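Here is the structure we will look at, set down as structure tokens.
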Amino acid sequence: MSQRRYPPARHAAPPRRRRRRSRLAGFLHASAVNGRLPAFLLAVGLAVLGGGFLFSDDFTVRSVVVQGNALAFADSIVASSGALGQSVFRLDTEEVARRVAAHPAVASAEVRTEFPDRVVVTVQERVPVLAWQAGEQAVLVDQQGWVIALGFDPNLPRVVQTEGDLPRVGAQIPPELIQAIQVVQERLGERLTTMAYEPRVGLTAHLTDGRTVVLGDSDRLPLKLNVLEAALTLPDHWSRLDLREPERPYYQ
């Protein structure tokens with residue numbers, strides 16, 4: 001009796017997998033027809049290209065140009081900016097401007113980027129109103145008492161500190177003391193040679209005729225100057241006038 005042979009059974013793919021493949025093929029076909037697939041590929045390409053721009057060495061800040069500085073050294077402003085080595089695409093210009101404005105000599109700053117690798121910093125510096133000297137060194141001080149730079153300026157009024165250390169750059173002298181110095185200079189004019197400052201005594205004015213006037217601190221300064229004007233008209237000769245207590249002036 002002969003045996004009937006049957007062909008080997010074929011294992012059909014799971015229906016779920018076939019459905020997934022058919023759905024994917026249908027999605028790709030539909031996307032290609034309606035334009036979604038090219039748009040998707042374009043978006044991916046632009047993202048890759050944009051990432052290349054963001055992280056490319058060609059757009060790393062290699063130079064910082066400083067404009068408007070006269071007192072501050074350009075390299076100190078460049079260092080305070082922190083811009084070198086940053087990407088021009090990711091650089092926060094407002095934050096860089098804030099860092100530069102913290103420089104002792106800078107009142108405000110504007111920052112802009114220039115492609116491919118440059119940053120331009122334009123500063124407005126503080127304006128010195130006097131030179132503050134201690135020993136052989138001096139610093140320049142602005143209206144608000146900020147010590148903005150080391151150096152002398154013969155065109156500015158000078159205050160000589162007779163004791164203590166020279167104020168450091170970035171420190172602040174009391175603004176009322178700076179204003180008092182300016183008032184005395186304006187009031188005495190050409191009769192004033194120099195002004196001295198000593199922490200324990202305060203301000204002392206040296207006049208062109210060799211006399212000295214101890215003014216002390218800035219308290220009641222208008223009254224002190226009125227007493228000084230009256231004392232200058234006295235027939236009595238005096239060499240030193242102490243006005244720290246203007247109601248009881250002492251002279252010798």
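Every chain in the structure tokens takes a letter, A first, then B, and so on in the order presented; its residues are numbered from 1, and the ligands are numbered from 1 following the presented order.
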
For this session: Pick out each residue of stretch 73-134 of chain A that DSSP on the backbone tags as strand (DSSP E); I need them as a PyMOL selection string.
Result: chain A and resi 106-114+118-125+128-134

For this session: Extract, using only C-alpha atoms, all DNA, RNA and protein residues at most 12 Å from A:Gln137, discarding same-chain residues fewer than 5 positions from it, and format them as JSON, numbers by chain.
Result: {"A": [131, 132, 149, 150, 151, 152, 153, 158, 159, 160, 161, 165, 166, 167, 168]}

Could you please take those selected residues and save all heavy atoms as a tab-separated table (two decimals), in the first residue's frame?
```
chain	number	residue	atom	x	y	z
A	131	ALA	N	42.13	113.47	41.62
A	131	ALA	CA	43.18	112.48	41.86
A	131	ALA	C	43.40	112.36	43.36
A	131	ALA	O	43.52	113.38	44.06
A	131	ALA	CB	44.47	112.88	41.15
A	132	TRP	N	43.45	111.15	43.85
A	132	TRP	CA	43.63	110.89	45.28
A	132	TRP	C	45.01	110.26	45.45
A	132	TRP	O	45.27	109.18	44.95
A	132	TRP	CB	42.54	109.96	45.78
A	132	TRP	CG	42.47	109.82	47.27
A	132	TRP	CD1	43.30	109.10	48.06
A	132	TRP	CD2	41.49	110.40	48.13
A	132	TRP	NE1	42.92	109.19	49.37
A	132	TRP	CE2	41.80	109.98	49.45
A	132	TRP	CE3	40.38	111.22	47.93
A	132	TRP	CZ2	41.04	110.36	50.56
A	132	TRP	CZ3	39.62	111.60	49.02
A	132	TRP	CH2	39.94	111.18	50.32
A	149	ALA	N	40.75	103.97	38.51
A	149	ALA	CA	42.01	103.60	37.86
A	149	ALA	C	43.19	104.15	38.64
A	149	ALA	O	43.06	105.12	39.40
A	149	ALA	CB	42.06	104.13	36.42
A	150	LEU	N	44.34	103.53	38.45
A	150	LEU	CA	45.59	104.06	38.99
A	150	LEU	C	46.09	105.16	38.07
A	150	LEU	O	45.91	105.10	36.85
A	150	LEU	CB	46.64	102.96	39.08
A	150	LEU	CG	46.51	101.94	40.21
A	150	LEU	CD1	47.47	100.77	39.96
A	150	LEU	CD2	46.78	102.58	41.56
A	151	GLY	N	46.74	106.18	38.64
A	151	GLY	CA	47.36	107.19	37.80
A	151	GLY	C	47.14	108.61	38.28
A	151	GLY	O	46.27	108.89	39.12
A	152	PHE	N	47.96	109.52	37.74
A	152	PHE	CA	47.85	110.95	38.01
A	152	PHE	C	47.20	111.63	36.81
A	152	PHE	O	47.27	111.15	35.68
A	152	PHE	CB	49.24	111.57	38.23
A	152	PHE	CG	49.89	111.17	39.53
A	152	PHE	CD1	50.71	110.05	39.61
A	152	PHE	CD2	49.69	111.92	40.69
A	152	PHE	CE1	51.32	109.69	40.79
A	152	PHE	CE2	50.29	111.56	41.88
A	152	PHE	CZ	51.11	110.44	41.94
A	153	ASP	N	46.57	112.75	37.07
A	153	ASP	CA	46.06	113.61	36.00
A	153	ASP	C	46.29	115.05	36.45
A	153	ASP	O	45.60	115.54	37.35
A	153	ASP	CB	44.58	113.35	35.73
A	153	ASP	CG	44.09	114.09	34.49
A	153	ASP	OD1	44.71	115.09	34.10
A	153	ASP	OD2	43.07	113.65	33.92
A	158	ARG	N	43.68	117.71	43.28
A	158	ARG	CA	44.42	116.63	43.94
A	158	ARG	C	44.16	116.67	45.44
A	158	ARG	O	44.16	117.72	46.07
A	158	ARG	CB	45.91	116.78	43.65
A	158	ARG	CG	46.80	115.71	44.27
A	158	ARG	CD	48.20	115.81	43.70
A	158	ARG	NE	48.79	117.11	43.88
A	158	ARG	CZ	49.71	117.40	44.80
A	158	ARG	NH1	50.17	116.43	45.59
A	158	ARG	NH2	50.21	118.60	44.91
A	159	VAL	N	43.94	115.49	46.00
A	159	VAL	CA	43.81	115.31	47.44
A	159	VAL	C	44.94	114.41	47.90
A	159	VAL	O	45.14	113.33	47.32
A	159	VAL	CB	42.45	114.71	47.82
A	159	VAL	CG1	42.38	114.45	49.32
A	159	VAL	CG2	41.31	115.62	47.38
A	160	VAL	N	45.68	114.85	48.92
A	160	VAL	CA	46.81	114.08	49.42
A	160	VAL	C	46.40	113.40	50.73
A	160	VAL	O	46.05	114.07	51.71
A	160	VAL	CB	48.04	114.97	49.66
A	160	VAL	CG1	49.20	114.13	50.23
A	160	VAL	CG2	48.46	115.66	48.37
A	161	GLN	N	46.43	112.07	50.72
A	161	GLN	CA	46.14	111.32	51.94
A	161	GLN	C	47.43	111.17	52.72
A	161	GLN	O	48.39	110.57	52.26
A	161	GLN	CB	45.56	109.95	51.58
A	161	GLN	CG	45.19	109.09	52.78
A	161	GLN	CD	44.51	107.81	52.37
A	161	GLN	OE1	43.66	107.79	51.49
A	161	GLN	NE2	44.89	106.71	53.02
A	165	ASP	N	46.59	103.54	53.85
A	165	ASP	CA	46.88	102.98	52.52
A	165	ASP	C	46.06	103.68	51.44
A	165	ASP	O	44.97	104.19	51.69
A	165	ASP	CB	46.57	101.49	52.49
A	165	ASP	CG	47.45	100.70	53.45
A	165	ASP	OD1	48.60	101.12	53.66
A	165	ASP	OD2	46.97	99.67	53.98
A	166	LEU	N	46.61	103.69	50.24
A	166	LEU	CA	45.91	104.23	49.09
A	166	LEU	C	44.66	103.38	48.81
A	166	LEU	O	44.73	102.16	48.81
A	166	LEU	CB	46.83	104.22	47.87
A	166	LEU	CG	46.29	104.80	46.57
A	166	LEU	CD1	46.20	106.32	46.67
A	166	LEU	CD2	47.19	104.39	45.40
A	167	PRO	N	43.51	104.01	48.58
A	167	PRO	CA	42.32	103.21	48.24
A	167	PRO	C	42.58	102.37	47.00
A	167	PRO	O	43.19	102.83	46.03
A	167	PRO	CB	41.24	104.28	47.98
A	167	PRO	CG	41.71	105.49	48.72
A	167	PRO	CD	43.21	105.45	48.65
A	168	ARG	N	42.12	101.15	47.02
A	168	ARG	CA	42.34	100.24	45.89
A	168	ARG	C	41.34	100.53	44.78
A	168	ARG	O	40.25	101.05	45.02
A	168	ARG	CB	42.22	98.80	46.34
A	168	ARG	CG	40.86	98.44	46.91
A	168	ARG	CD	40.77	96.97	47.29
A	168	ARG	NE	39.47	96.66	47.86
A	168	ARG	CZ	38.38	96.40	47.15
A	168	ARG	NH1	38.45	96.41	45.83
A	168	ARG	NH2	37.23	96.14	47.73
```

For this session: For A:Thr93, work out the shell of residues within 12 Å, counting only C-alpha atoms and skipping chain neighbours fewer than 3 positions away, then give it as a ChimeraX atom specification.
Result: /A:81-83,86-90,96-100,109-114,119-122

Problem set entry | Within 9 Å of A:Asp217 using only C-alpha atoms, minus same-chain residues under 3 positions, as a PyMOL selection string | chain A and resi 177+180+201-203+220-221+244
